[in-house]
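In what follows, a structure is listed as structure tokens, so that the remarks can point back to it.
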Amino acid sequence: LSGRIYCFGGVTDNQHPTEIIEVYDIQQNKWSYQGMLPTTVVDLSSVTYKDYIFLLGGRTGVGAHNLVVMYHPEKGHWITRAGIPTPRFNFGACVVDEEIYVAGGQIYSHVTHAINREALKSVEILNVSENQWRSGPDLPVGMFNVGLELINGALYACGTAENNVSDTTQFCRQNIVCRLDLGTLTWQQIDVLGDIRNYKCIAAKLHTRKLTQVFPASEAEEVDNDQ
């Protein structure tokens, strides 16, 4: 927005949530402190609308948030708007004309005394001028870590879907690409990009001292020796 990139909240290196806002000036190649969020929230989404930045959703602790606030960077003003009907985090958001679409994401669900990050299919739409939400067409599959983008008059969603492996309790994660025809308001799944990443390599890189908690001891020793 106006040649600047804004960074809102998130988690620090020591895994503590932060309310800090920082801004990067592209021309000056410089980061600076901008202020503080009105609340602690992580895994939220943001969009720009005219002179404002909308912050939406996210999570705090073990709860999904329905936060919607407008932020005016030049004036430093915060304006609370109608909350998302379905609290969610790790979802996609995109401006389409005078509306904001939010799609997919996750919400904590309590099943068999365990907390699961359930992936959502639901799409909800905020009419900015009327400050009212309505339901949109559901995604073909539940998705999280969603990117949402308007391209050539169609809305594209790319995110992670989890599918049960036949006759097991295991899940297969895939990157899914879907397209929404804004005329007919129908989604079409147009591509499956395969597995997200090699989890073993990531775990080995980040947690070499704790591999026995993730893999059998023989595998952990083998990977640790390769570091």
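Going through the structure tokens in order, the chains are called A, B, and so on, while each chain numbers its residues from 1 and the ligands are numbered from 1 in the order shown.
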Near segment 123-126 of chain A, 10 Å: segment 40-116 of chain A residue rows, closest pairs, only C-alpha atoms, as a Markdown table:
| residue | atom | partner | partner_atom | distance |
| --- | --- | --- | --- | --- |
| A:Arg81 | CA | A:Leu126 | CA | 9.8 |
| A:Ala82 | CA | A:Leu126 | CA | 8.5 |
| A:Gly83 | CA | A:Leu126 | CA | 9.4 |
| A:Ile84 | CA | A:Glu124 | CA | 7.6 |
| A:Pro85 | CA | A:Glu124 | CA | 7.7 |
| A:Thr86 | CA | A:Glu124 | CA | 8.1 |
| A:Phe91 | CA | A:Val123 | CA | 9.8 |
| A:Gly92 | CA | A:Val123 | CA | 9.5 |
| A:Ala93 | CA | A:Ile125 | CA | 9.5 |
| A:Cys94 | CA | A:Ile125 | CA | 9.7 |
| A:Val95 | CA | A:Leu126 | CA | 9.4 |
| A:Val96 | CA | A:Ile125 | CA | 9.5 |
| A:Glu98 | CA | A:Leu126 | CA | 8.6 |
| A:Glu99 | CA | A:Leu126 | CA | 5.4 |
| A:Ile100 | CA | A:Leu126 | CA | 5.0 |
| A:Tyr101 | CA | A:Ile125 | CA | 4.6 |
| A:Val102 | CA | A:Glu124 | CA | 5.4 |
| A:Ala103 | CA | A:Val123 | CA | 4.4 |
| A:Gly104 | CA | A:Val123 | CA | 6.5 |
| A:Gly105 | CA | A:Val123 | CA | 9.6 |
Using only C-alpha atoms, what table do you get, as a Markdown table, when you list each residue of segment 103-161 of chain A with an atom no more than 12 Å from segment 31-49 of chain A, its nearest pair of atoms, and their distance in Å rounded to one decimal, rows by chain then rising number?
| residue | atom | partner | partner_atom | distance |
| --- | --- | --- | --- | --- |
| A:Ala103 | CA | A:Ser45 | CA | 10.6 |
| A:Gly104 | CA | A:Ser45 | CA | 11.6 |
| A:Gly105 | CA | A:Asp43 | CA | 9.7 |
| A:Gln106 | CA | A:Asp43 | CA | 9.9 |
| A:Ile107 | CA | A:Asp43 | CA | 11.4 |
| A:Asn127 | CA | A:Tyr49 | CA | 11.9 |
| A:Val128 | CA | A:Tyr49 | CA | 9.1 |
| A:Ser129 | CA | A:Tyr49 | CA | 11.2 |
| A:Phe144 | CA | A:Asp43 | CA | 10.8 |
| A:Asn145 | CA | A:Asp43 | CA | 9.1 |
| A:Val146 | CA | A:Ser45 | CA | 9.7 |
| A:Gly147 | CA | A:Ser45 | CA | 9.7 |
| A:Leu148 | CA | A:Ser45 | CA | 10.3 |
| A:Glu149 | CA | A:Val47 | CA | 10.7 |
Restrict the selected residues to C-alpha atoms and save them as an mmCIF file, in the first residue's frame.
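Generated file (result_37.cif):
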data_model
loop_
_atom_site.group_PDB
_atom_site.id
_atom_site.type_symbol
_atom_site.label_atom_id
_atom_site.label_comp_id
_atom_site.auth_asym_id
_atom_site.auth_seq_id
_atom_site.Cartn_x
_atom_site.Cartn_y
_atom_site.Cartn_z
ATOM 1 C CA ALA A 103 -12.444 -18.947 1.858
ATOM 2 C CA GLY A 104 -11.432 -22.127 3.655
ATOM 3 C CA GLY A 105 -9.071 -22.083 6.593
ATOM 4 C CA GLN A 106 -9.183 -23.955 9.865
ATOM 5 C CA ILE A 107 -11.183 -23.941 13.063
ATOM 6 C CA ASN A 127 -20.192 -6.217 1.660
ATOM 7 C CA VAL A 128 -17.871 -3.427 2.788
ATOM 8 C CA SER A 129 -20.245 -0.479 2.374
ATOM 9 C CA PHE A 144 -6.311 -24.461 4.726
ATOM 10 C CA ASN A 145 -3.204 -22.321 4.150
ATOM 11 C CA VAL A 146 -5.279 -20.839 1.356
ATOM 12 C CA GLY A 147 -4.117 -18.259 -1.154
ATOM 13 C CA LEU A 148 -6.999 -16.404 -2.828
ATOM 14 C CA GLU A 149 -6.502 -14.253 -5.922
#
Task: Among the residues A:Leu55, A:Leu150, A:Val177, A:Ile26, the one that comes closest to Phe8 of chain A [using only C-alpha atoms] - done: A:Leu55
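For segment 61-71 of chain A, the set of protein, DNA and RNA residues having any atom at most 6 Å away, when counting only C-alpha atoms and skipping those fewer than 2 positions along the same chain, is Tyr52, Ile53, Phe54, Leu55, Leu56, Gly57, Gly58, Arg59, His77, Trp78, Ile79, Thr80, Arg81, Gly83, Ile84, Pro87, Arg88 and Ile107 of chain A.
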Filtering to N, CA and C atoms, could you give me those residues as a compact mmCIF listing (two decimals), in the first residue's frame?
# COMPACT_ATOMS: atom_id res chain seq x y z
N TYR A 52 -7.37 1.67 3.18
CA TYR A 52 -7.38 0.87 4.40
C TYR A 52 -6.78 -0.52 4.19
N ILE A 53 -6.31 -1.08 5.29
CA ILE A 53 -5.93 -2.48 5.33
C ILE A 53 -6.92 -3.19 6.25
N PHE A 54 -7.57 -4.22 5.73
CA PHE A 54 -8.48 -5.03 6.54
C PHE A 54 -7.70 -6.20 7.12
N LEU A 55 -7.83 -6.40 8.42
CA LEU A 55 -7.30 -7.59 9.08
C LEU A 55 -8.48 -8.47 9.47
N LEU A 56 -8.35 -9.76 9.15
CA LEU A 56 -9.49 -10.66 9.32
C LEU A 56 -9.06 -11.96 9.99
N GLY A 57 -9.90 -12.43 10.93
CA GLY A 57 -9.75 -13.76 11.51
C GLY A 57 -8.46 -13.94 12.28
N GLY A 58 -7.94 -15.17 12.23
CA GLY A 58 -6.75 -15.55 12.97
C GLY A 58 -7.10 -16.40 14.17
N ARG A 59 -6.14 -16.55 15.06
CA ARG A 59 -6.38 -17.36 16.25
C ARG A 59 -5.62 -16.78 17.44
N HIS A 77 -5.65 4.96 12.53
CA HIS A 77 -6.98 4.69 13.06
C HIS A 77 -7.35 3.21 12.89
N TRP A 78 -8.03 2.67 13.91
CA TRP A 78 -8.60 1.32 13.85
C TRP A 78 -10.12 1.43 13.90
N ILE A 79 -10.80 0.73 13.00
CA ILE A 79 -12.27 0.72 12.99
C ILE A 79 -12.73 -0.73 13.00
N THR A 80 -13.52 -1.09 13.99
CA THR A 80 -14.04 -2.46 14.09
C THR A 80 -15.22 -2.64 13.15
N ARG A 81 -15.21 -3.74 12.41
CA ARG A 81 -16.31 -4.06 11.49
C ARG A 81 -16.98 -5.35 11.94
N GLY A 83 -17.91 -8.98 12.57
CA GLY A 83 -17.03 -10.14 12.63
C GLY A 83 -17.41 -11.22 11.63
N ILE A 84 -16.42 -12.02 11.23
CA ILE A 84 -16.68 -13.13 10.31
C ILE A 84 -17.66 -14.10 10.98
N PRO A 87 -15.62 -18.05 12.74
CA PRO A 87 -14.23 -17.75 13.13
C PRO A 87 -13.29 -18.74 12.46
N ARG A 88 -12.15 -18.25 11.95
CA ARG A 88 -11.25 -19.12 11.20
C ARG A 88 -9.84 -18.54 11.17
N ILE A 107 -10.53 -24.30 11.81
CA ILE A 107 -11.18 -23.94 13.06
C ILE A 107 -10.96 -25.10 14.03
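When DSSP reads the backbone of this structure, the residues of segment 119-160 of chain A it assigns to strand (DSSP E) are Ala119, Val123, Glu124, Ile125, Leu126, Asn127, Gln132, Trp133, Arg134, Ser135, Phe144, Asn145, Val146, Gly147, Leu148, Glu149, Leu150, Ile151, Ala154, Leu155, Tyr156, Ala157, Cys158, Gly159 and Thr160 of chain A.
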Open item on the list: Taking only C-alpha atoms into account, name the residue in A:Cys7, A:Leu120, A:Ile190, A:Ala154 that is nearest to Ile20 of chain A.
Closed with: A:Cys7
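Considering the residues A:Asp51, A:Glu118, A:Asp97, A:Asp191 and counting only C-alpha atoms, Ile176 of chain A has its shortest atom-to-atom contact with A:Asp191.
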Task: Atomic distance atom CA of Ala161 of chain A - atom CA of Asn90 of chain A, expressed in Å with one decimal - done: 12.3 Å
